[in-house]
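Student: After the structure tokens below, expect a handful of questions from me.
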Amino acid sequence: MALEIKDSNIEETLQSDQPVMLDFWAAWCGPCRMVGPIVDEISQEYDGKAVVGKVDVDNNPDTAAKYGIRNIPTILFFKNGEIVDKVVGVVPKEQLTEKLEKLM
């Protein structure tokens, strides 16, 4: 399972020396429920190589606002604490893993 990222632990998470992939989602969002299992799979496959987490935008409005999340699902990719890539909407797993691989 992907890590649950909250307003309270986002900064600590982004300090990782590994690439970070964060899925911004909400329970009521249909497309988010399609992407969620894919993010969980990637989390397992990249365990120890990347940090993969989910941010519930309803429960963590400060983080969603800080990163300008307007549409969900939005997946942000970070390297050294900086956003380096972004995907909005439902995309194939391969597209997400390709972006993650480029950051390694």
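Scheme for the structure tokens: letters A, B, ... for chains in order shown; per-chain residue numbers from 1; ligand numbers from 1 in order shown.
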For Ile72 in chain A, work out the shell of residues within 8 Å, counting only C-alpha atoms and skipping chain neighbours fewer than 3 positions away, then give it as a compact mmCIF listing (two decimals) with N, CA and C atoms, in the first residue's frame.
Tutor:
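That gives us selection18.txt:
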```txt
# COMPACT_ATOMS: atom_id res chain seq x y z
N PHE A 24 -2.66 12.74 -5.55
CA PHE A 24 -3.65 13.59 -4.89
C PHE A 24 -5.02 13.11 -5.33
N TRP A 25 -5.86 12.71 -4.35
CA TRP A 25 -7.11 12.05 -4.65
C TRP A 25 -8.18 12.41 -3.61
N ALA A 26 -9.41 11.91 -3.83
CA ALA A 26 -10.51 12.03 -2.86
C ALA A 26 -11.40 10.79 -2.99
N CYS A 29 -14.16 10.66 -5.73
CA CYS A 29 -13.70 10.85 -7.12
C CYS A 29 -13.59 9.50 -7.84
N PRO A 31 -12.57 8.68 -11.05
CA PRO A 31 -11.27 8.42 -11.67
C PRO A 31 -10.16 8.12 -10.65
N CYS A 32 -10.25 8.75 -9.48
CA CYS A 32 -9.25 8.49 -8.42
C CYS A 32 -9.29 7.02 -7.99
N ILE A 69 -3.30 22.02 -6.52
CA ILE A 69 -4.10 20.92 -7.05
C ILE A 69 -5.52 21.42 -7.32
N VAL A 88 -2.13 14.56 -14.80
CA VAL A 88 -3.50 14.84 -14.35
C VAL A 88 -4.43 13.88 -15.07
N GLY A 89 -5.31 13.24 -14.30
CA GLY A 89 -6.28 12.32 -14.88
C GLY A 89 -5.81 10.87 -14.82
```
Student: Within 12 Å of Gln15 in chain A, counting only C-alpha atoms, which residues qualify if same-chain residues fewer than 4 places away don't, as a PyMOL selection string?
Tutor: chain A and resi 9-11+19-20+51+78-82
Student: Grab the residues selected above and save them as a compact mmCIF listing (two decimals), in the first residue's frame with C-alpha atoms.
Tutor:
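Done, and the output landed in out_4.txt:
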```
# COMPACT_ATOMS: atom_id res chain seq x y z
CA ASN A 9 4.27 14.76 7.29
CA ILE A 10 4.57 16.05 3.72
CA GLU A 11 7.80 18.01 4.30
CA PRO A 19 12.23 9.99 -5.96
CA VAL A 20 8.76 10.72 -4.53
CA VAL A 51 8.58 6.82 -2.01
CA PHE A 78 9.44 15.06 -6.83
CA LYS A 79 13.23 14.86 -6.88
CA ASN A 80 15.22 16.52 -4.08
CA GLY A 81 12.01 18.09 -2.74
CA GLU A 82 11.16 19.82 -6.04
```
Student: List every residue of chain A that DSSP, applied to the backbone of this structure, assigns to strand (DSSP E or B), and report them as a PyMOL selection string.
Tutor: chain A and resi 3-5+20-25+51-56+74-79+82-88
Student: For Asp47 in chain A, which of A:Trp28, A:Val84, A:Asn60, A:Gln18 is the closest residue, counting only C-alpha atoms?
Tutor: A:Gln18
Student: Applying 8 Å and only C-alpha atoms, which residues near Gln44 in chain A remain after dropping the ones on its own chain fewer than 3 positions away? List them as JSON, numbers by chain.
Tutor: {"A": [1, 2, 40, 41, 47]}
Student: Give the helix (DSSP H, G or I) residues of chain A, as assigned by DSSP on the backbone, as a PyMOL selection string.
Tutor: chain A and resi 10-14+30-45+61-66+93-102
Student: Kindly give the distance, in Å, that separates CA of Asp23 in chain A and CA of Val90 in chain A, rounded to a single decimal.
Tutor: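 CA of Asp23 in chain A sits 11.1 Å away from CA of Val90 in chain A.
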Student: With distances taken over only C-alpha atoms, which of A:Lys102, A:Lys54, A:Lys49, A:Arg33 is nearest to Ser16 in chain A?
Tutor: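 Comparing A:Lys102, A:Lys54, A:Lys49, A:Arg33 against Ser16 in chain A, the winner is A:Lys49.
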Student: Figure out the distance between CA of Ala27 in chain A and CA of Asp7 in chain A, please, to one decimal in Å.
Tutor: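 Computing the Euclidean distance for CA of Asp7 in chain A and CA of Ala27 in chain A yields 17.2 Å.
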Student: Just how far from CA of Leu22 in chain A is CA of Leu3 in chain A, in Å to one decimal?
Tutor: 9.1 Å
Student: Compare A:Met21, A:Val39, A:Ala65, A:Ile75 by their minimum atom-to-atom distance to Leu100 in chain A, counting only C-alpha atoms, and give me the closest one.
Tutor: A:Met21
